[in-house]
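Below is the file run06.txt, which contains compact mmCIF, C-alpha atoms and all ligand atoms.
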# COMPACT_ATOMS: atom_id res chain seq x y z
CA MET A 1 0.00 0.00 0.00
CA SER A 2 1.67 3.24 -1.09
CA THR A 3 -0.48 5.08 1.47
CA PRO A 4 -0.79 3.23 4.78
CA PRO A 5 -4.39 2.60 5.86
CA VAL A 6 -5.66 4.65 8.78
CA ILE A 7 -6.22 2.13 11.55
CA ASP A 8 -9.62 3.37 12.70
CA GLY A 9 -12.14 0.63 11.84
CA ASP A 10 -13.33 2.49 8.73
CA TRP A 11 -12.88 0.49 5.52
CA SER A 12 -13.27 3.13 2.87
CA GLU A 13 -9.58 3.32 1.87
CA TRP A 14 -9.35 -0.42 1.12
CA LYS A 15 -11.91 -0.76 -1.63
CA LYS A 16 -9.74 0.99 -4.20
CA VAL A 17 -6.45 -0.72 -3.47
CA ALA A 18 -7.17 -4.31 -2.46
CA ARG A 19 -9.56 -7.17 -2.97
CA GLU A 20 -12.08 -8.47 -0.47
CA TYR A 21 -12.05 -12.22 0.16
CA PRO A 22 -14.60 -14.34 2.04
CA ALA A 23 -14.02 -16.31 5.22
CA THR A 24 -17.17 -18.38 5.48
CA HIS A 25 -16.07 -22.00 5.86
CA VAL A 26 -17.23 -23.33 9.22
CA VAL A 27 -14.16 -25.15 10.56
CA PHE A 28 -15.06 -25.54 14.23
CA GLY A 29 -18.32 -25.89 16.18
CA LYS A 30 -20.60 -26.76 13.25
CA ALA A 31 -23.35 -27.78 15.70
CA ASN A 32 -23.29 -24.29 17.25
CA TRP A 33 -23.17 -22.36 13.98
CA LYS A 34 -26.65 -21.20 12.95
CA ASN A 35 -26.28 -19.18 9.75
CA GLU A 36 -24.32 -16.33 8.18
CA ASP A 37 -26.00 -13.83 10.50
CA ASP A 38 -24.54 -15.78 13.42
CA LEU A 39 -21.02 -15.73 12.00
CA ALA A 40 -19.47 -14.92 8.62
CA GLY A 41 -16.35 -12.99 7.71
CA SER A 42 -14.50 -11.29 4.90
CA TYR A 43 -11.17 -9.55 4.80
CA TYR A 44 -8.54 -7.54 2.97
CA VAL A 45 -4.78 -7.95 3.32
CA GLY A 46 -2.24 -5.26 2.51
CA TRP A 47 1.39 -4.53 3.19
CA ASP A 48 4.24 -2.09 3.03
CA LEU A 49 7.82 -2.40 4.22
CA SER A 50 6.83 -1.75 7.84
CA TYR A 51 3.55 -3.58 8.38
CA LEU A 52 1.27 -6.39 7.37
CA TYR A 53 -2.21 -4.86 7.34
CA LEU A 54 -5.52 -6.60 7.87
CA ALA A 55 -9.05 -5.28 7.46
CA ALA A 56 -11.80 -7.65 8.60
CA LYS A 57 -15.57 -7.50 8.43
CA VAL A 58 -17.54 -9.89 10.63
CA ARG A 59 -21.25 -10.56 10.68
CA ASP A 60 -22.07 -11.53 14.24
CA ASP A 61 -25.40 -11.23 16.02
CA GLN A 62 -23.93 -10.76 19.51
CA TYR A 63 -20.54 -9.39 20.50
CA VAL A 64 -19.08 -11.18 23.51
CA GLN A 65 -15.47 -10.97 24.67
CA VAL A 66 -14.53 -11.51 28.30
CA ALA A 67 -11.29 -13.46 27.76
CA GLN A 68 -7.81 -12.08 27.26
CA GLY A 69 -4.24 -13.07 26.50
CA GLN A 70 -3.83 -16.72 25.56
CA ASP A 71 -7.57 -17.27 26.07
CA LEU A 72 -8.79 -14.52 23.76
CA TYR A 73 -9.97 -17.07 21.19
CA LYS A 74 -12.72 -17.98 23.68
CA GLY A 75 -14.41 -14.70 22.78
CA ASP A 76 -15.26 -12.92 19.54
CA SER A 77 -11.88 -12.57 17.88
CA LEU A 78 -9.81 -12.91 14.73
CA GLU A 79 -7.01 -15.32 13.99
CA LEU A 80 -4.19 -15.22 11.46
CA LEU A 81 -2.16 -18.28 10.55
CA ILE A 82 0.97 -17.45 8.57
CA ASP A 83 3.67 -19.77 7.24
CA LEU A 84 6.72 -17.68 6.43
CA ASP A 85 8.70 -20.47 4.82
CA LEU A 86 6.01 -21.67 2.46
CA LEU A 87 8.36 -23.01 -0.19
CA GLY A 88 10.89 -24.44 2.26
CA ASP A 89 8.37 -26.74 3.93
CA PHE A 90 5.50 -26.77 1.43
CA TYR A 91 4.55 -30.38 2.16
CA SER A 92 5.22 -30.35 5.88
CA ALA A 93 1.97 -31.17 7.71
CA GLN A 94 3.18 -29.97 11.09
CA LEU A 95 3.96 -26.65 12.73
CA ASN A 96 7.52 -25.49 12.96
CA GLY A 97 9.39 -22.34 13.94
CA ASP A 98 8.35 -20.27 10.92
CA ASP A 99 4.62 -20.84 11.41
CA TYR A 100 2.73 -18.11 13.25
CA GLN A 101 -0.63 -18.10 15.00
CA ILE A 102 -1.81 -14.65 16.08
CA GLY A 103 -5.12 -13.76 17.71
CA ILE A 104 -6.72 -10.32 17.66
CA SER A 105 -9.38 -9.26 20.13
CA PRO A 106 -11.38 -6.23 18.93
CA GLY A 107 -12.15 -5.12 22.49
CA ARG A 108 -13.09 -6.38 25.95
CA PRO A 109 -15.81 -6.37 27.13
CA THR A 110 -17.19 -4.20 24.34
CA ILE A 111 -15.92 -3.68 20.84
CA GLY A 112 -13.88 -0.63 20.03
CA ASP A 113 -13.20 0.14 23.69
CA ASN A 114 -9.74 0.65 25.12
CA ASN A 115 -8.88 -3.02 25.46
CA PRO A 116 -8.14 -4.45 22.02
CA GLU A 117 -5.18 -6.80 22.06
CA ALA A 118 -3.10 -9.17 19.98
CA TYR A 119 -1.62 -12.42 21.23
CA LEU A 120 0.92 -14.74 19.63
CA TRP A 121 0.55 -18.48 20.39
CA TYR A 122 3.01 -19.88 17.84
CA PRO A 123 5.94 -20.18 17.51
CA SER A 124 5.65 -21.09 21.19
CA SER A 125 9.20 -19.79 21.79
CA LYS A 126 7.83 -16.30 21.11
CA ALA A 127 4.43 -16.73 22.80
CA GLY A 128 2.98 -13.70 24.52
CA LYS A 129 1.06 -10.50 24.12
CA LEU A 130 2.01 -8.39 21.08
CA ASN A 131 2.22 -4.81 22.29
CA HIS A 132 3.09 -3.17 18.98
CA VAL A 133 0.12 -4.30 16.92
CA ALA A 134 -2.23 -1.39 16.18
CA ILE A 135 -5.91 -2.42 16.34
CA ALA A 136 -9.09 -0.43 15.83
CA ALA A 137 -12.66 -1.73 15.61
CA ARG A 138 -16.20 -0.52 15.10
CA TYR A 139 -19.53 -2.19 15.72
CA GLU A 140 -22.30 -1.32 13.32
CA GLY A 141 -25.23 -3.28 14.62
CA ALA A 142 -24.92 -6.85 13.35
CA ILE A 143 -21.51 -6.22 11.75
CA TYR A 144 -18.14 -5.32 13.18
CA ARG A 145 -15.07 -4.14 11.32
CA VAL A 146 -11.48 -4.37 12.48
CA GLU A 147 -8.27 -2.93 11.09
CA ALA A 148 -4.87 -4.04 12.32
CA ALA A 149 -1.24 -3.28 11.52
CA ILE A 150 1.26 -5.97 12.48
CA PRO A 151 4.93 -4.94 12.31
CA TRP A 152 7.02 -7.29 10.19
CA SER A 153 9.46 -7.29 13.11
CA VAL A 154 7.02 -9.65 14.84
CA PHE A 155 7.91 -12.20 12.16
CA GLY A 156 11.56 -11.22 11.86
CA VAL A 157 11.40 -10.95 8.06
CA ILE A 158 11.75 -8.22 5.46
CA PRO A 159 8.84 -8.44 3.02
CA TYR A 160 9.25 -8.16 -0.75
CA LYS A 161 7.11 -8.09 -3.84
CA GLY A 162 6.33 -11.65 -4.90
CA MET A 163 6.79 -13.09 -1.40
CA ARG A 164 4.48 -16.06 -0.83
CA MET A 165 3.17 -16.98 2.57
CA GLY A 166 0.93 -19.71 3.84
CA PHE A 167 -2.14 -17.90 5.14
CA ALA A 168 -5.50 -18.41 6.77
CA PHE A 169 -7.84 -15.83 8.24
CA SER A 170 -10.41 -17.09 10.71
CA VAL A 171 -12.99 -15.69 13.13
CA SER A 172 -14.16 -17.22 16.40
CA ASP A 173 -17.65 -16.65 17.77
CA ASP A 174 -18.92 -16.43 21.33
CA ASP A 175 -22.59 -15.49 21.81
CA ARG A 176 -22.95 -16.26 25.51
CA PRO A 177 -22.81 -13.01 27.47
CA GLY A 178 -20.39 -13.15 30.38
CA ASN A 179 -18.94 -16.51 29.34
CA ALA A 180 -15.63 -17.27 27.67
CA VAL A 181 -16.37 -20.02 25.16
CA GLN A 182 -15.37 -20.56 21.55
CA GLU A 183 -18.66 -21.72 20.07
CA SER A 184 -17.72 -21.78 16.40
CA MET A 185 -15.13 -20.61 13.91
CA VAL A 186 -15.26 -19.64 10.24
CA SER A 187 -12.19 -19.47 8.03
CA SER A 188 -10.87 -18.51 4.63
CA ALA A 189 -9.51 -22.06 4.37
CA ALA A 190 -12.12 -24.82 4.10
CA GLY A 191 -9.97 -27.39 5.90
CA ARG A 192 -8.24 -25.07 8.36
CA THR A 193 -6.38 -27.17 10.88
CA LEU A 194 -4.16 -25.23 13.25
CA THR A 195 -1.41 -27.81 13.38
CA ASP A 196 -1.29 -28.59 9.64
CA PRO A 197 -0.02 -25.70 7.49
CA THR A 198 -0.85 -27.62 4.30
CA SER A 199 -4.53 -27.03 5.17
CA TRP A 200 -4.14 -23.24 5.07
CA GLY A 201 -4.34 -21.02 2.01
CA GLU A 202 -1.75 -18.78 0.46
CA VAL A 203 -1.05 -15.06 0.06
CA THR A 204 1.34 -13.48 -2.45
CA LEU A 205 2.53 -9.93 -1.76
CA LYS A 206 1.99 -7.80 -4.84
CA CA B 301 -9.33 2.79 7.96
CA CA B 302 -22.80 -15.08 16.62
CA CA B 303 6.33 -23.74 8.05
CA CA B 304 -20.42 -13.34 18.95
Produce structure tokens that represent the structure in this file.
Amino acid sequence: MSTPPVIDGDWSEWKKVAREYPATHVVFGKANWKNEDDLAGSYYVGWDLSYLYLAAKVRDDQYVQVAQGQDLYKGDSLELLIDLDLLGDFYSAQLNGDDYQIGISPGRPTIGDNNPEAYLWYPSSKAGKLNHVAIAARYEGAIYRVEAAIPWSVFGVIPYKGMRMGFAFSVSDDDRPGNAVQESMVSSAAGRTLTDPTSWGEVTLK
């Protein structure tokens, strides 16, 4: 992106410069998932030399987030899975040190409040809260939008045009007020399995 997006939860700057992709495959909690008003997602990805940018739109009938840190996936939240050595271990069906799992909470207990956070689960050697991820979110009735900027320093790589990464964007849903429970998850990747990077999709930086 030649002009960095303003991280404010407003999507207007993305429509001209990037493409919106769906994340509607139910990959966890099928019995709890009701319909696309209960949970459905779409997203944009962008980048510059400093940040990997994400803009997410989520249809969710009830925003609930009371968990934090390593438990934030038990509330309404986003997840990125990124394999930074896609070509080096293309056929490897297990996680290794270049595979990243990052969760983004759009706010606790309400969306767009002062408590958004990002947490890194994998690689486990780097696990912990990510303090330098910028996050902003807005709730518009049955839809919430999130923008995030993740410094490439989190991944320890310098991005370049043509770089390919394993990638999956997913959204967890919790509709039980006051309770931390991951009821369902939708994903960009139909077979998303956390521990198997060959089940994720792919992103090429353009
Ligand atoms: Ca914006
Ligand atoms: Ca829901
Ligand atoms: Ca890998
Ligand atoms: Ca929810």
Inset, instruction - Skip range 142-149 of chain A itself and residues of its chain fewer than 5 positions away, then list as a list in words all residues within 8 Å of it, counting only C-alpha atoms. - result: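 Counting only C-alpha atoms, the residues come to Ile7, Asp8, Gly9, Asp10, Trp11, Asp37, Tyr51, Leu52, Tyr53, Leu54, Ala55, Ala56, Lys57, Val58, Arg59, Asp60, Asp61, Gln62, Pro106, Val133, Ala134, Ile135, Ala136 and Ala137 of chain A.
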Inset, instruction - Find, counting all atoms listed in the file, the residue in A:Leu120, A:Leu81, A:Ala189, A:Ile150 that gets nearest to ligand CA 303 (chain B). - result: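 Under the stated criterion, the closest residue is A:Leu81.
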Inset, instruction - Up to 9 Å from (-9.0, -7.6, 26.0) in the file's coordinates: name the residues, counting only C-alpha atoms, as a ChimeraX atom specification. - result: /A:65-69,72,105-109,114-118
Legend entry - Non-local contacts of Gln94 in chain A (8 Å; only C-alpha atoms; under 4 positions in same chain excluded) as a PyMOL selection string: chain A and resi 195-197
At a cut-off of 12 Å, can you tabulate as a Markdown table every residue of chain A near ligand CA 303 (chain B) together with its closest atom pair and the distance in Å to one decimal, using all atoms listed in the file and ordering rows by chain then number?
| residue | atom | partner | partner_atom | distance |
| --- | --- | --- | --- | --- |
| A:Leu81 | CA | B:CA303 | CA | 10.4 |
| A:Ile82 | CA | B:CA303 | CA | 8.3 |
| A:Asp83 | CA | B:CA303 | CA | 4.8 |
| A:Leu84 | CA | B:CA303 | CA | 6.3 |
| A:Asp85 | CA | B:CA303 | CA | 5.2 |
| A:Leu86 | CA | B:CA303 | CA | 6.0 |
| A:Leu87 | CA | B:CA303 | CA | 8.5 |
| A:Gly88 | CA | B:CA303 | CA | 7.4 |
| A:Asp89 | CA | B:CA303 | CA | 5.5 |
| A:Phe90 | CA | B:CA303 | CA | 7.3 |
| A:Tyr91 | CA | B:CA303 | CA | 9.1 |
| A:Ser92 | CA | B:CA303 | CA | 7.0 |
| A:Ala93 | CA | B:CA303 | CA | 8.6 |
| A:Gln94 | CA | B:CA303 | CA | 7.6 |
| A:Leu95 | CA | B:CA303 | CA | 6.0 |
| A:Asn96 | CA | B:CA303 | CA | 5.3 |
| A:Gly97 | CA | B:CA303 | CA | 6.8 |
| A:Asp98 | CA | B:CA303 | CA | 4.9 |
| A:Asp99 | CA | B:CA303 | CA | 4.8 |
| A:Tyr100 | CA | B:CA303 | CA | 8.5 |
| A:Gln101 | CA | B:CA303 | CA | 11.3 |
| A:Tyr122 | CA | B:CA303 | CA | 11.0 |
| A:Pro123 | CA | B:CA303 | CA | 10.1 |
| A:Arg164 | CA | B:CA303 | CA | 11.9 |
| A:Met165 | CA | B:CA303 | CA | 9.3 |
| A:Gly166 | CA | B:CA303 | CA | 7.9 |
| A:Phe167 | CA | B:CA303 | CA | 10.7 |
| A:Leu194 | CA | B:CA303 | CA | 11.8 |
| A:Thr195 | CA | B:CA303 | CA | 10.2 |
| A:Asp196 | CA | B:CA303 | CA | 9.2 |
| A:Pro197 | CA | B:CA303 | CA | 6.7 |
| A:Thr198 | CA | B:CA303 | CA | 9.0 |
| A:Ser199 | CA | B:CA303 | CA | 11.7 |
| A:Trp200 | CA | B:CA303 | CA | 10.9 |
Would you export the selected residues with C-alpha atoms as a PDB file, in the frame of the given file, please?
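File selection-v8.pdb, as written:
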ATOM      1  CA  LEU A  81      -2.160 -18.280  10.550  1.00  0.00           C
ATOM      2  CA  ILE A  82       0.970 -17.450   8.570  1.00  0.00           C
ATOM      3  CA  ASP A  83       3.670 -19.770   7.240  1.00  0.00           C
ATOM      4  CA  LEU A  84       6.720 -17.680   6.430  1.00  0.00           C
ATOM      5  CA  ASP A  85       8.700 -20.470   4.820  1.00  0.00           C
ATOM      6  CA  LEU A  86       6.010 -21.670   2.460  1.00  0.00           C
ATOM      7  CA  LEU A  87       8.360 -23.010  -0.190  1.00  0.00           C
ATOM      8  CA  GLY A  88      10.890 -24.440   2.260  1.00  0.00           C
ATOM      9  CA  ASP A  89       8.370 -26.740   3.930  1.00  0.00           C
ATOM     10  CA  PHE A  90       5.500 -26.770   1.430  1.00  0.00           C
ATOM     11  CA  TYR A  91       4.550 -30.380   2.160  1.00  0.00           C
ATOM     12  CA  SER A  92       5.220 -30.350   5.880  1.00  0.00           C
ATOM     13  CA  ALA A  93       1.970 -31.170   7.710  1.00  0.00           C
ATOM     14  CA  GLN A  94       3.180 -29.970  11.090  1.00  0.00           C
ATOM     15  CA  LEU A  95       3.960 -26.650  12.730  1.00  0.00           C
ATOM     16  CA  ASN A  96       7.520 -25.490  12.960  1.00  0.00           C
ATOM     17  CA  GLY A  97       9.390 -22.340  13.940  1.00  0.00           C
ATOM     18  CA  ASP A  98       8.350 -20.270  10.920  1.00  0.00           C
ATOM     19  CA  ASP A  99       4.620 -20.840  11.410  1.00  0.00           C
ATOM     20  CA  TYR A 100       2.730 -18.110  13.250  1.00  0.00           C
ATOM     21  CA  GLN A 101      -0.630 -18.100  15.000  1.00  0.00           C
ATOM     22  CA  TYR A 122       3.010 -19.880  17.840  1.00  0.00           C
ATOM     23  CA  PRO A 123       5.940 -20.180  17.510  1.00  0.00           C
ATOM     24  CA  ARG A 164       4.480 -16.060  -0.830  1.00  0.00           C
ATOM     25  CA  MET A 165       3.170 -16.980   2.570  1.00  0.00           C
ATOM     26  CA  GLY A 166       0.930 -19.710   3.840  1.00  0.00           C
ATOM     27  CA  PHE A 167      -2.140 -17.900   5.140  1.00  0.00           C
ATOM     28  CA  LEU A 194      -4.160 -25.230  13.250  1.00  0.00           C
ATOM     29  CA  THR A 195      -1.410 -27.810  13.380  1.00  0.00           C
ATOM     30  CA  ASP A 196      -1.290 -28.590   9.640  1.00  0.00           C
ATOM     31  CA  PRO A 197      -0.020 -25.700   7.490  1.00  0.00           C
ATOM     32  CA  THR A 198      -0.850 -27.620   4.300  1.00  0.00           C
ATOM     33  CA  SER A 199      -4.530 -27.030   5.170  1.00  0.00           C
ATOM     34  CA  TRP A 200      -4.140 -23.240   5.070  1.00  0.00           C
TER      35      TRP A 200
END
Inset, instruction - Determine the nearest neighbour of Ser77 in chain A from the options A:Trp47, A:Phe169, A:Trp33, A:Tyr21, counting all atoms listed in the file. - result: A:Phe169
Complete the atoms of range 10-21 of chain A to all heavy atoms and put them out as a PDB file, in the coordinates of the input.
ATOM      1  N   ASP A  10     -12.593   2.064   9.935  1.00  0.00           N
ATOM      2  CA  ASP A  10     -13.330   2.490   8.730  1.00  0.00           C
ATOM      3  C   ASP A  10     -12.628   1.879   7.512  1.00  0.00           C
ATOM      4  O   ASP A  10     -11.419   1.991   7.367  1.00  0.00           O
ATOM      5  CB  ASP A  10     -13.326   4.023   8.635  1.00  0.00           C
ATOM      6  CG  ASP A  10     -14.075   4.506   7.404  1.00  0.00           C
ATOM      7  OD1 ASP A  10     -13.610   4.253   6.268  1.00  0.00           O
ATOM      8  OD2 ASP A  10     -15.131   5.117   7.570  1.00  0.00           O
ATOM      9  N   TRP A  11     -13.422   1.285   6.624  1.00  0.00           N
ATOM     10  CA  TRP A  11     -12.880   0.490   5.520  1.00  0.00           C
ATOM     11  C   TRP A  11     -12.684   1.239   4.228  1.00  0.00           C
ATOM     12  O   TRP A  11     -12.242   0.671   3.248  1.00  0.00           O
ATOM     13  CB  TRP A  11     -13.868  -0.641   5.230  1.00  0.00           C
ATOM     14  CG  TRP A  11     -13.468  -1.953   5.771  1.00  0.00           C
ATOM     15  CD1 TRP A  11     -12.699  -2.195   6.865  1.00  0.00           C
ATOM     16  CD2 TRP A  11     -13.835  -3.225   5.232  1.00  0.00           C
ATOM     17  NE1 TRP A  11     -12.586  -3.540   7.051  1.00  0.00           N
ATOM     18  CE2 TRP A  11     -13.283  -4.185   6.064  1.00  0.00           C
ATOM     19  CE3 TRP A  11     -14.600  -3.618   4.133  1.00  0.00           C
ATOM     20  CZ2 TRP A  11     -13.446  -5.553   5.823  1.00  0.00           C
ATOM     21  CZ3 TRP A  11     -14.763  -4.966   3.908  1.00  0.00           C
ATOM     22  CH2 TRP A  11     -14.193  -5.920   4.737  1.00  0.00           C
ATOM     23  N   SER A  12     -13.101   2.493   4.179  1.00  0.00           N
ATOM     24  CA  SER A  12     -13.270   3.130   2.870  1.00  0.00           C
ATOM     25  C   SER A  12     -11.987   3.138   2.040  1.00  0.00           C
ATOM     26  O   SER A  12     -12.050   3.034   0.818  1.00  0.00           O
ATOM     27  CB  SER A  12     -13.807   4.545   3.060  1.00  0.00           C
ATOM     28  OG  SER A  12     -13.063   5.220   4.047  1.00  0.00           O
ATOM     29  N   GLU A  13     -10.807   3.223   2.665  1.00  0.00           N
ATOM     30  CA  GLU A  13      -9.580   3.320   1.870  1.00  0.00           C
ATOM     31  C   GLU A  13      -9.175   2.006   1.220  1.00  0.00           C
ATOM     32  O   GLU A  13      -8.339   1.978   0.329  1.00  0.00           O
ATOM     33  CB  GLU A  13      -8.435   3.870   2.715  1.00  0.00           C
ATOM     34  CG  GLU A  13      -7.895   2.920   3.766  1.00  0.00           C
ATOM     35  CD  GLU A  13      -8.515   3.162   5.124  1.00  0.00           C
ATOM     36  OE1 GLU A  13      -9.767   3.168   5.219  1.00  0.00           O
ATOM     37  OE2 GLU A  13      -7.765   3.295   6.102  1.00  0.00           O
ATOM     38  N   TRP A  14      -9.765   0.884   1.638  1.00  0.00           N
ATOM     39  CA  TRP A  14      -9.350  -0.420   1.120  1.00  0.00           C
ATOM     40  C   TRP A  14      -9.958  -0.754  -0.238  1.00  0.00           C
ATOM     41  O   TRP A  14      -9.354  -1.454  -1.031  1.00  0.00           O
ATOM     42  CB  TRP A  14      -9.741  -1.514   2.113  1.00  0.00           C
ATOM     43  CG  TRP A  14      -8.901  -1.503   3.346  1.00  0.00           C
ATOM     44  CD1 TRP A  14      -9.092  -0.740   4.463  1.00  0.00           C
ATOM     45  CD2 TRP A  14      -7.732  -2.276   3.587  1.00  0.00           C
ATOM     46  NE1 TRP A  14      -8.118  -1.001   5.382  1.00  0.00           N
ATOM     47  CE2 TRP A  14      -7.274  -1.943   4.891  1.00  0.00           C
ATOM     48  CE3 TRP A  14      -7.028  -3.243   2.849  1.00  0.00           C
ATOM     49  CZ2 TRP A  14      -6.137  -2.522   5.442  1.00  0.00           C
ATOM     50  CZ3 TRP A  14      -5.902  -3.833   3.410  1.00  0.00           C
ATOM     51  CH2 TRP A  14      -5.466  -3.472   4.686  1.00  0.00           C
ATOM     52  N   LYS A  15     -11.163  -0.284  -0.458  1.00  0.00           N
ATOM     53  CA  LYS A  15     -11.910  -0.760  -1.630  1.00  0.00           C
ATOM     54  C   LYS A  15     -11.192  -0.474  -2.935  1.00  0.00           C
ATOM     55  O   LYS A  15     -11.292  -1.230  -3.890  1.00  0.00           O
ATOM     56  CB  LYS A  15     -13.307  -0.128  -1.633  1.00  0.00           C
ATOM     57  CG  LYS A  15     -14.104  -0.577  -0.412  1.00  0.00           C
ATOM     58  CD  LYS A  15     -15.532  -0.059  -0.438  1.00  0.00           C
ATOM     59  CE  LYS A  15     -16.211  -0.201   0.890  1.00  0.00           C
ATOM     60  NZ  LYS A  15     -16.842  -1.320   1.288  1.00  0.00           N
ATOM     61  N   LYS A  16     -10.428   0.629  -2.969  1.00  0.00           N
ATOM     62  CA  LYS A  16      -9.740   0.990  -4.200  1.00  0.00           C
ATOM     63  C   LYS A  16      -8.447   0.231  -4.413  1.00  0.00           C
ATOM     64  O   LYS A  16      -7.982   0.089  -5.541  1.00  0.00           O
ATOM     65  CB  LYS A  16      -9.431   2.496  -4.184  1.00  0.00           C
ATOM     66  CG  LYS A  16     -10.637   3.379  -4.485  1.00  0.00           C
ATOM     67  CD  LYS A  16     -10.382   4.822  -4.081  1.00  0.00           C
ATOM     68  CE  LYS A  16     -10.734   5.019  -2.612  1.00  0.00           C
ATOM     69  NZ  LYS A  16     -10.412   6.321  -2.072  1.00  0.00           N
ATOM     70  N   VAL A  17      -7.823  -0.226  -3.350  1.00  0.00           N
ATOM     71  CA  VAL A  17      -6.450  -0.720  -3.470  1.00  0.00           C
ATOM     72  C   VAL A  17      -6.294  -2.223  -3.228  1.00  0.00           C
ATOM     73  O   VAL A  17      -5.222  -2.774  -3.469  1.00  0.00           O
ATOM     74  CB  VAL A  17      -5.513   0.022  -2.493  1.00  0.00           C
ATOM     75  CG1 VAL A  17      -5.467   1.506  -2.842  1.00  0.00           C
ATOM     76  CG2 VAL A  17      -5.944  -0.174  -1.052  1.00  0.00           C
ATOM     77  N   ALA A  18      -7.325  -2.882  -2.771  1.00  0.00           N
ATOM     78  CA  ALA A  18      -7.170  -4.310  -2.460  1.00  0.00           C
ATOM     79  C   ALA A  18      -8.471  -5.034  -2.785  1.00  0.00           C
ATOM     80  O   ALA A  18      -9.457  -4.425  -3.178  1.00  0.00           O
ATOM     81  CB  ALA A  18      -6.809  -4.494  -0.984  1.00  0.00           C
ATOM     82  N   ARG A  19      -8.411  -6.345  -2.632  1.00  0.00           N
ATOM     83  CA  ARG A  19      -9.560  -7.170  -2.970  1.00  0.00           C
ATOM     84  C   ARG A  19     -10.101  -7.838  -1.712  1.00  0.00           C
ATOM     85  O   ARG A  19      -9.337  -8.327  -0.880  1.00  0.00           O
ATOM     86  CB  ARG A  19      -9.115  -8.231  -3.991  1.00  0.00           C
ATOM     87  CG  ARG A  19     -10.247  -9.119  -4.448  1.00  0.00           C
ATOM     88  CD  ARG A  19      -9.812  -9.926  -5.666  1.00  0.00           C
ATOM     89  NE  ARG A  19     -10.625 -11.131  -5.772  1.00  0.00           N
ATOM     90  CZ  ARG A  19     -10.341 -12.159  -6.565  1.00  0.00           C
ATOM     91  NH1 ARG A  19      -9.260 -12.122  -7.313  1.00  0.00           N
ATOM     92  NH2 ARG A  19     -11.123 -13.204  -6.600  1.00  0.00           N
ATOM     93  N   GLU A  20     -11.426  -7.862  -1.632  1.00  0.00           N
ATOM     94  CA  GLU A  20     -12.080  -8.470  -0.470  1.00  0.00           C
ATOM     95  C   GLU A  20     -12.273  -9.963  -0.720  1.00  0.00           C
ATOM     96  O   GLU A  20     -12.740 -10.376  -1.785  1.00  0.00           O
ATOM     97  CB  GLU A  20     -13.429  -7.786  -0.236  1.00  0.00           C
ATOM     98  CG  GLU A  20     -14.167  -8.271   1.001  1.00  0.00           C
ATOM     99  CD  GLU A  20     -15.461  -7.500   1.234  1.00  0.00           C
ATOM    100  OE1 GLU A  20     -15.747  -6.556   0.478  1.00  0.00           O
ATOM    101  OE2 GLU A  20     -16.186  -7.867   2.179  1.00  0.00           O
ATOM    102  N   TYR A  21     -11.898 -10.769   0.262  1.00  0.00           N
ATOM    103  CA  TYR A  21     -12.050 -12.220   0.160  1.00  0.00           C
ATOM    104  C   TYR A  21     -12.967 -12.733   1.268  1.00  0.00           C
ATOM    105  O   TYR A  21     -12.994 -12.160   2.356  1.00  0.00           O
ATOM    106  CB  TYR A  21     -10.679 -12.913   0.313  1.00  0.00           C
ATOM    107  CG  TYR A  21      -9.756 -12.688  -0.854  1.00  0.00           C
ATOM    108  CD1 TYR A  21      -8.861 -11.621  -0.851  1.00  0.00           C
ATOM    109  CD2 TYR A  21      -9.783 -13.526  -1.964  1.00  0.00           C
ATOM    110  CE1 TYR A  21      -8.007 -11.407  -1.922  1.00  0.00           C
ATOM    111  CE2 TYR A  21      -8.935 -13.320  -3.042  1.00  0.00           C
ATOM    112  CZ  TYR A  21      -8.053 -12.260  -3.015  1.00  0.00           C
ATOM    113  OH  TYR A  21      -7.218 -12.041  -4.077  1.00  0.00           O
TER     114      TYR A  21
END
